[in-house]
file work17.pdb (PDB, C-alpha atoms, pLDDT in the B column)
ATOM      1  CA  MET A   3      -3.922 -14.881  18.133  1.00 95.00           C
ATOM      2  CA  ARG A   4      -6.127 -16.212  15.366  1.00 95.00           C
ATOM      3  CA  ILE A   5      -6.839 -14.450  12.097  1.00 95.00           C
ATOM      4  CA  GLY A   6     -10.202 -13.103  13.279  1.00 95.00           C
ATOM      5  CA  GLU A   7      -8.549 -11.363  16.211  1.00 96.00           C
ATOM      6  CA  LEU A   8      -5.842  -9.892  13.960  1.00 97.00           C
ATOM      7  CA  ALA A   9      -8.540  -8.665  11.582  1.00 97.00           C
ATOM      8  CA  ARG A  10     -10.433  -7.064  14.455  1.00 97.00           C
ATOM      9  CA  ARG A  11      -7.348  -5.373  15.904  1.00 97.00           C
ATOM     10  CA  THR A  12      -6.043  -4.063  12.582  1.00 96.00           C
ATOM     11  CA  GLY A  13      -9.300  -3.321  10.779  1.00 96.00           C
ATOM     12  CA  VAL A  14      -8.086  -5.420   7.848  1.00 97.00           C
ATOM     13  CA  HIS A  15     -10.392  -8.096   6.419  1.00 96.00           C
ATOM     14  CA  GLU A  16      -9.339 -11.723   6.917  1.00 96.00           C
ATOM     15  CA  ARG A  17      -9.232 -12.274   3.156  1.00 97.00           C
ATOM     16  CA  LEU A  18      -6.707  -9.450   2.828  1.00 96.00           C
ATOM     17  CA  LEU A  19      -4.600 -10.874   5.657  1.00 97.00           C
ATOM     18  CA  ARG A  20      -4.483 -14.205   3.808  1.00 96.00           C
ATOM     19  CA  TYR A  21      -3.424 -12.333   0.669  1.00 97.00           C
ATOM     20  CA  TYR A  22      -0.611 -10.640   2.612  1.00 97.00           C
ATOM     21  CA  GLU A  23       0.526 -14.096   3.685  1.00 95.00           C
ATOM     22  CA  GLU A  24       0.427 -15.337   0.074  1.00 95.00           C
ATOM     23  CA  GLN A  25       2.573 -12.349  -0.925  1.00 95.00           C
ATOM     24  CA  GLY A  26       5.149 -13.155   1.755  1.00 94.00           C
ATOM     25  CA  LEU A  27       4.300 -10.151   3.921  1.00 96.00           C
ATOM     26  CA  LEU A  28       3.024 -12.087   6.930  1.00 96.00           C
ATOM     27  CA  HIS A  29       4.389 -15.366   8.284  1.00 95.00           C
ATOM     28  CA  PRO A  30       1.984 -16.837  10.822  1.00 95.00           C
ATOM     29  CA  ASP A  31       2.691 -20.097  12.550  1.00 94.00           C
ATOM     30  CA  ARG A  32       0.404 -23.005  11.668  1.00 92.00           C
ATOM     31  CA  LEU A  33      -1.207 -25.042  14.377  1.00 91.00           C
ATOM     32  CA  PRO A  34      -1.575 -28.822  13.861  1.00 93.00           C
ATOM     33  CA  SER A  35      -5.228 -28.111  13.059  1.00 92.00           C
ATOM     34  CA  GLY A  36      -4.128 -25.865  10.170  1.00 89.00           C
ATOM     35  CA  TYR A  37      -5.255 -22.650  11.856  1.00 90.00           C
ATOM     36  CA  ARG A  38      -2.996 -19.637  11.516  1.00 92.00           C
ATOM     37  CA  GLU A  39      -1.489 -18.308  14.729  1.00 96.00           C
ATOM     38  CA  TYR A  40      -0.332 -14.678  14.625  1.00 97.00           C
ATOM     39  CA  ARG A  41       2.024 -12.932  17.017  1.00 96.00           C
ATOM     40  CA  GLU A  42       1.539  -9.550  18.667  1.00 95.00           C
ATOM     41  CA  ALA A  43       4.222  -8.145  16.350  1.00 93.00           C
ATOM     42  CA  ASP A  44       1.998  -8.980  13.361  1.00 96.00           C
ATOM     43  CA  VAL A  45      -0.404  -6.218  14.439  1.00 95.00           C
ATOM     44  CA  HIS A  46       2.422  -3.720  13.876  1.00 92.00           C
ATOM     45  CA  THR A  47       3.516  -5.439  10.673  1.00 95.00           C
ATOM     46  CA  VAL A  48       0.020  -5.051   9.217  1.00 96.00           C
ATOM     47  CA  GLY A  49       0.181  -1.357  10.123  1.00 93.00           C
ATOM     48  CA  ARG A  50       3.480  -0.995   8.256  1.00 92.00           C
ATOM     49  CA  ILE A  51       2.059  -2.858   5.262  1.00 95.00           C
ATOM     50  CA  ARG A  52      -0.975  -0.548   5.167  1.00 95.00           C
ATOM     51  CA  ALA A  53       1.240   2.548   5.418  1.00 92.00           C
ATOM     52  CA  LEU A  54       3.434   1.372   2.550  1.00 93.00           C
ATOM     53  CA  LEU A  55       0.430   0.500   0.404  1.00 95.00           C
ATOM     54  CA  ALA A  56      -0.956   3.986   1.087  1.00 93.00           C
ATOM     55  CA  ALA A  57       2.393   5.394  -0.032  1.00 90.00           C
ATOM     56  CA  GLY A  58       1.854   3.782  -3.435  1.00 89.00           C
ATOM     57  CA  LEU A  59       4.070   0.716  -3.142  1.00 92.00           C
ATOM     58  CA  ASN A  60       2.948  -2.669  -4.423  1.00 92.00           C
ATOM     59  CA  THR A  61       3.077  -5.830  -2.349  1.00 94.00           C
ATOM     60  CA  ALA A  62       6.114  -7.223  -4.179  1.00 93.00           C
ATOM     61  CA  THR A  63       8.116  -4.110  -3.306  1.00 91.00           C
ATOM     62  CA  ILE A  64       6.801  -4.145   0.252  1.00 94.00           C
ATOM     63  CA  ALA A  65       7.902  -7.771   0.677  1.00 94.00           C
ATOM     64  CA  THR A  66      11.414  -6.702  -0.295  1.00 91.00           C
ATOM     65  CA  ILE A  67      11.693  -3.653   1.940  1.00 91.00           C
ATOM     66  CA  LEU A  68       9.571  -4.617   4.964  1.00 92.00           C
ATOM     67  CA  PRO A  69      12.435  -6.378   6.790  1.00 91.00           C
ATOM     68  CA  CYS A  70      14.474  -3.158   6.462  1.00 92.00           C
ATOM     69  CA  LEU A  71      12.021  -0.889   8.262  1.00 90.00           C
ATOM     70  CA  ARG A  72      11.320  -0.280  11.902  1.00 88.00           C
ATOM     71  CA  GLU A  73       8.731   1.890  13.608  1.00 86.00           C
ATOM     72  CA  GLU A  74       9.954   4.837  15.591  1.00 87.00           C
ATOM     73  CA  ALA A  75       7.634   7.484  17.030  1.00 86.00           C
ATOM     74  CA  ASP A  76       4.799   6.728  14.576  1.00 82.00           C
ATOM     75  CA  ARG A  77       7.005   6.761  11.493  1.00 88.00           C
ATOM     76  CA  LEU A  78       8.863   4.156   9.475  1.00 89.00           C
ATOM     77  CA  VAL A  79      12.652   4.322   9.605  1.00 91.00           C
ATOM     78  CA  PRO A  80      14.911   2.588   7.032  1.00 92.00           C
ATOM     79  CA  THR A  81      17.525   0.291   8.575  1.00 92.00           C
ATOM     80  CA  CYS A  82      19.290  -1.285   5.565  1.00 91.00           C
ATOM     81  CA  PRO A  83      21.993   0.494   3.555  1.00 85.00           C
ATOM     82  CA  ASP A  84      20.474  -0.073   0.099  1.00 88.00           C
ATOM     83  CA  LEU A  85      16.927   0.772   1.104  1.00 91.00           C
ATOM     84  CA  LEU A  86      17.164   4.529   0.554  1.00 91.00           C
ATOM     85  CA  ARG A  87      18.230   3.987  -3.052  1.00 91.00           C
ATOM     86  CA  HIS A  88      15.217   1.763  -3.578  1.00 89.00           C
ATOM     87  CA  LEU A  89      12.863   4.234  -1.884  1.00 91.00           C
ATOM     88  CA  HIS A  90      14.197   7.082  -4.021  1.00 93.00           C
ATOM     89  CA  ALA A  91      13.515   4.989  -7.133  1.00 92.00           C
ATOM     90  CA  GLU A  92       9.954   4.296  -5.965  1.00 90.00           C
ATOM     91  CA  ARG A  93       9.374   7.977  -5.263  1.00 93.00           C
ATOM     92  CA  ASP A  94      10.682   8.841  -8.740  1.00 96.00           C
ATOM     93  CA  ARG A  95       8.304   6.265 -10.249  1.00 92.00           C
ATOM     94  CA  ILE A  96       5.366   7.798  -8.407  1.00 93.00           C
ATOM     95  CA  THR A  97       6.433  11.305  -9.490  1.00 95.00           C
ATOM     96  CA  ARG A  98       6.477  10.173 -13.130  1.00 97.00           C
ATOM     97  CA  ALA A  99       3.029   8.626 -12.727  1.00 95.00           C
ATOM     98  CA  ILE A 100       1.693  11.888 -11.287  1.00 96.00           C
ATOM     99  CA  GLU A 101       3.174  13.831 -14.194  1.00 98.00           C
ATOM    100  CA  ASP A 102       1.638  11.391 -16.683  1.00 97.00           C
ATOM    101  CA  LEU A 103      -1.763  11.780 -15.012  1.00 97.00           C
ATOM    102  CA  ARG A 104      -1.481  15.580 -15.149  1.00 98.00           C
ATOM    103  CA  THR A 105      -0.691  15.354 -18.858  1.00 98.00           C
ATOM    104  CA  SER A 106      -3.687  13.068 -19.396  1.00 98.00           C
ATOM    105  CA  ARG A 107      -5.963  15.382 -17.438  1.00 97.00           C
ATOM    106  CA  ALA A 108      -4.796  18.390 -19.469  1.00 97.00           C
ATOM    107  CA  ALA A 109      -5.473  16.499 -22.727  1.00 97.00           C
ATOM    108  CA  LEU A 110      -9.006  15.651 -21.564  1.00 96.00           C
ATOM    109  CA  THR A 111      -9.603  19.249 -20.542  1.00 95.00           C
ATOM    110  CA  ARG A 112      -8.603  20.408 -24.046  1.00 95.00           C
ATOM    111  CA  VAL A 113     -11.088  17.952 -25.589  1.00 94.00           C
ATOM    112  CA  ILE A 114     -13.858  19.045 -23.220  1.00 92.00           C
ATOM    113  CA  ASP A 115     -13.133  22.721 -23.849  1.00 92.00           C
ATOM    114  CA  ALA A 116     -13.306  22.142 -27.613  1.00 91.00           C
ATOM    115  CA  ALA A 117     -16.935  20.987 -27.421  1.00 89.00           C
ATOM    116  CA  PRO A 118     -19.236  23.266 -29.445  1.00 89.00           C
ATOM    117  CA  ALA A 119     -21.822  25.341 -27.616  1.00 84.00           C
ATOM    118  CA  GLU A 120     -24.696  23.091 -28.690  1.00 83.00           C
ATOM    119  CA  VAL A 121     -23.132  20.132 -26.872  1.00 81.00           C
ATOM    120  CA  GLU A 122     -24.250  20.208 -23.274  1.00 70.00           C
ATOM    121  CA  ARG A 123     -21.292  20.438 -20.960  1.00 59.00           C
ATOM    122  CA  GLU A 124     -20.936  19.851 -17.285  1.00 61.00           C
ATOM    123  CA  PRO A 125     -19.646  22.782 -15.255  1.00 62.00           C
ATOM    124  CA  ALA A 126     -15.889  23.108 -15.580  1.00 59.00           C
ATOM    125  CA  ARG A 127     -13.964  21.294 -12.861  1.00 60.00           C
ATOM    126  CA  ARG A 128     -10.343  22.273 -12.697  1.00 58.00           C
ATOM    127  CA  ALA A 129      -7.944  21.424  -9.994  1.00 58.00           C
TER     128      ALA A 129
END
call {"tool": "encode", "arguments": {"input": "work17.pdb", "output": "structure tokens"}}
result
Amino acid sequence: MRIGELARRTGVHERLLRYYEEQGLLHPDRLPSGYREYREADVHTVGRIRALLAAGLNTATIATILPCLREEADRLVPTCPDLLRHLHAERDRITRAIEDLRTSRAALTRVIDAAPAEVEREPARRA
């Protein structure tokens, strides 16, 4: 199938599909005319890429781990021995980022709360 069809079936813009190819995530065949030719399996690959991006992984990491994942009952299953170690490290990185963001939010809240009464404040938003 051509890139337009893959875009239609996955809901991913053609420009983004080309970017995935540049990042080594997709490997379409090239026709003599230069057009990209995608396989049916690429529809599922794009779905895995989108799921991993949503999980907070960058494309370089996804390129490394994508060959070690398979789909099973609507979930991704690791298939390579070293992959779990890598996934644990990524989860730890994300956890640290969340903690850093919470610290930043708390610091901003302290600054906002320190505003004198004559400074107009928005209603407090705390999560």
call {"tool": "resolve_selection", "arguments": {"input": "work17.pdb", "expression": "the PyMOL selection byres ((chain A and resi 73-76) around 10)", "output": "ChimeraX atom specification"}}
result
/A:46-47,49-50,71-72,77-80
call {"tool": "write_last_selection", "arguments": {"input": "work17.pdb", "atoms": "C-alpha atoms", "output": "short mmCIF file (atom, residue, chain, number, x, y, z; two decimals), in the coordinates of the input"}}
result
data_model
loop_
_atom_site.label_atom_id
_atom_site.label_comp_id
_atom_site.auth_asym_id
_atom_site.auth_seq_id
_atom_site.Cartn_x
_atom_site.Cartn_y
_atom_site.Cartn_z
CA HIS A 46 2.42 -3.72 13.88
CA THR A 47 3.52 -5.44 10.67
CA GLY A 49 0.18 -1.36 10.12
CA ARG A 50 3.48 -1.00 8.26
CA LEU A 71 12.02 -0.89 8.26
CA ARG A 72 11.32 -0.28 11.90
CA ARG A 77 7.00 6.76 11.49
CA LEU A 78 8.86 4.16 9.48
CA VAL A 79 12.65 4.32 9.60
CA PRO A 80 14.91 2.59 7.03
#
call {"tool": "atom_distance", "arguments": {"input": "work17.pdb", "atom1": "atom CA of Met3 of chain A", "atom2": "atom CA of Arg41 of chain A"}}
result
6.4 Å
call {"tool": "resolve_selection", "arguments": {"input": "work17.pdb", "expression": "the PyMOL selection byres ((chain A and resi 15-21) around 12)", "output": "PyMOL selection string"}}
result
chain A and resi 4-14+22-30+37-38+40+44-45+47-49+51-52+61-62
call {"tool": "axis_aligned_box", "arguments": {"input": "work17.pdb", "around": "segment 62-67 of chain A", "padding_each_side": "5 Å", "output": "JSON"}}
result
{"center_x": 8.9, "center_y": -5.7, "center_z": -1.1, "size_x": 15.6, "size_y": 14.1, "size_z": 16.1}
call {"tool": "closest_residue", "arguments": {"input": "work17.pdb", "among": "A:Asp31, A:Leu85, A:Arg107, A:Ile96", "to": "Asn60 of chain A", "atoms": "only C-alpha atoms"}}
result
A:Ile96
call {"tool": "atom_distance", "arguments": {"input": "work17.pdb", "atom1": "atom CA of Ile67 of chain A", "atom2": "atom CA of Ala91 of chain A"}}
result
12.7 Å
call {"tool": "atom_distance", "arguments": {"input": "work17.pdb", "atom1": "atom CA of Thr97 of chain A", "atom2": "atom CA of Ala57 of chain A"}}
result
11.9 Å
call {"tool": "closest_residue", "arguments": {"input": "work17.pdb", "among": "A:Val113, A:Ala65, A:Leu59, A:Cys70", "to": "Arg93 of chain A", "atoms": "all atoms listed in the file"}}
result
A:Leu59
call {"tool": "build_atoms", "arguments": {"input": "work17.pdb", "residues": "segment 74-85 of chain A", "atoms": "all heavy atoms", "output": "short mmCIF file (atom, residue, chain, number, x, y, z; two decimals), in the frame of the given file"}}
result
data_model
loop_
_atom_site.label_atom_id
_atom_site.label_comp_id
_atom_site.auth_asym_id
_atom_site.auth_seq_id
_atom_site.Cartn_x
_atom_site.Cartn_y
_atom_site.Cartn_z
N GLU A 74 9.34 3.98 14.58
CA GLU A 74 9.95 4.84 15.59
C GLU A 74 9.11 6.10 15.69
O GLU A 74 9.03 6.87 14.73
CB GLU A 74 11.38 5.17 15.15
CG GLU A 74 12.24 5.82 16.18
CD GLU A 74 13.66 5.98 15.66
OE1 GLU A 74 14.41 4.98 15.68
OE2 GLU A 74 14.00 7.08 15.21
N ALA A 75 8.46 6.29 16.80
CA ALA A 75 7.63 7.48 17.03
C ALA A 75 6.63 7.69 15.89
O ALA A 75 6.56 8.75 15.28
CB ALA A 75 8.51 8.72 17.21
N ASP A 76 5.86 6.66 15.60
CA ASP A 76 4.80 6.73 14.58
C ASP A 76 5.30 7.02 13.17
O ASP A 76 4.59 7.63 12.36
CB ASP A 76 3.72 7.74 14.97
CG ASP A 76 2.94 7.28 16.18
OD1 ASP A 76 2.85 6.06 16.39
OD2 ASP A 76 2.42 8.14 16.91
N ARG A 77 6.51 6.65 12.86
CA ARG A 77 7.00 6.76 11.49
C ARG A 77 7.88 5.55 11.18
O ARG A 77 8.39 4.89 12.09
CB ARG A 77 7.77 8.07 11.26
CG ARG A 77 9.02 8.16 12.07
CD ARG A 77 9.73 9.47 11.84
NE ARG A 77 10.94 9.48 12.65
CZ ARG A 77 11.86 10.38 12.55
NH1 ARG A 77 11.73 11.35 11.70
NH2 ARG A 77 12.92 10.33 13.31
N LEU A 78 8.03 5.27 9.91
CA LEU A 78 8.86 4.16 9.48
C LEU A 78 10.28 4.67 9.22
O LEU A 78 10.47 5.70 8.57
CB LEU A 78 8.29 3.52 8.21
CG LEU A 78 6.91 2.89 8.36
CD1 LEU A 78 6.42 2.37 7.03
CD2 LEU A 78 6.95 1.78 9.40
N VAL A 79 11.25 3.92 9.72
CA VAL A 79 12.65 4.32 9.60
C VAL A 79 13.41 3.22 8.87
O VAL A 79 13.37 2.06 9.27
CB VAL A 79 13.26 4.54 11.02
CG1 VAL A 79 14.74 4.89 10.91
CG2 VAL A 79 12.49 5.61 11.77
N PRO A 80 14.11 3.58 7.76
CA PRO A 80 14.91 2.59 7.03
C PRO A 80 16.11 2.14 7.87
O PRO A 80 16.73 2.94 8.55
CB PRO A 80 15.39 3.34 5.79
CG PRO A 80 14.72 4.66 5.79
CD PRO A 80 14.16 4.89 7.14
N THR A 81 16.41 0.83 7.79
CA THR A 81 17.52 0.29 8.57
C THR A 81 18.58 -0.41 7.72
O THR A 81 19.62 -0.78 8.25
CB THR A 81 17.00 -0.70 9.63
OG1 THR A 81 16.34 -1.77 8.97
CG2 THR A 81 16.07 -0.03 10.62
N CYS A 82 18.33 -0.60 6.43
CA CYS A 82 19.29 -1.28 5.56
C CYS A 82 19.97 -0.28 4.64
O CYS A 82 19.32 0.66 4.16
CB CYS A 82 18.59 -2.35 4.72
SG CYS A 82 17.80 -3.64 5.70
N PRO A 83 21.24 -0.48 4.36
CA PRO A 83 21.99 0.49 3.56
C PRO A 83 21.41 0.76 2.17
O PRO A 83 21.38 1.91 1.72
CB PRO A 83 23.39 -0.13 3.43
CG PRO A 83 23.47 -1.14 4.51
CD PRO A 83 22.08 -1.58 4.82
N ASP A 84 20.96 -0.26 1.47
CA ASP A 84 20.47 -0.07 0.10
C ASP A 84 19.02 0.40 0.01
O ASP A 84 18.54 0.71 -1.07
CB ASP A 84 20.61 -1.38 -0.69
CG ASP A 84 22.06 -1.75 -0.94
OD1 ASP A 84 22.92 -0.85 -0.91
OD2 ASP A 84 22.32 -2.94 -1.17
N LEU A 85 18.35 0.46 1.13
CA LEU A 85 16.93 0.77 1.10
C LEU A 85 16.64 2.18 0.61
O LEU A 85 15.70 2.38 -0.16
CB LEU A 85 16.30 0.56 2.48
CG LEU A 85 14.80 0.78 2.55
CD1 LEU A 85 14.06 -0.10 1.54
CD2 LEU A 85 14.29 0.53 3.95
#
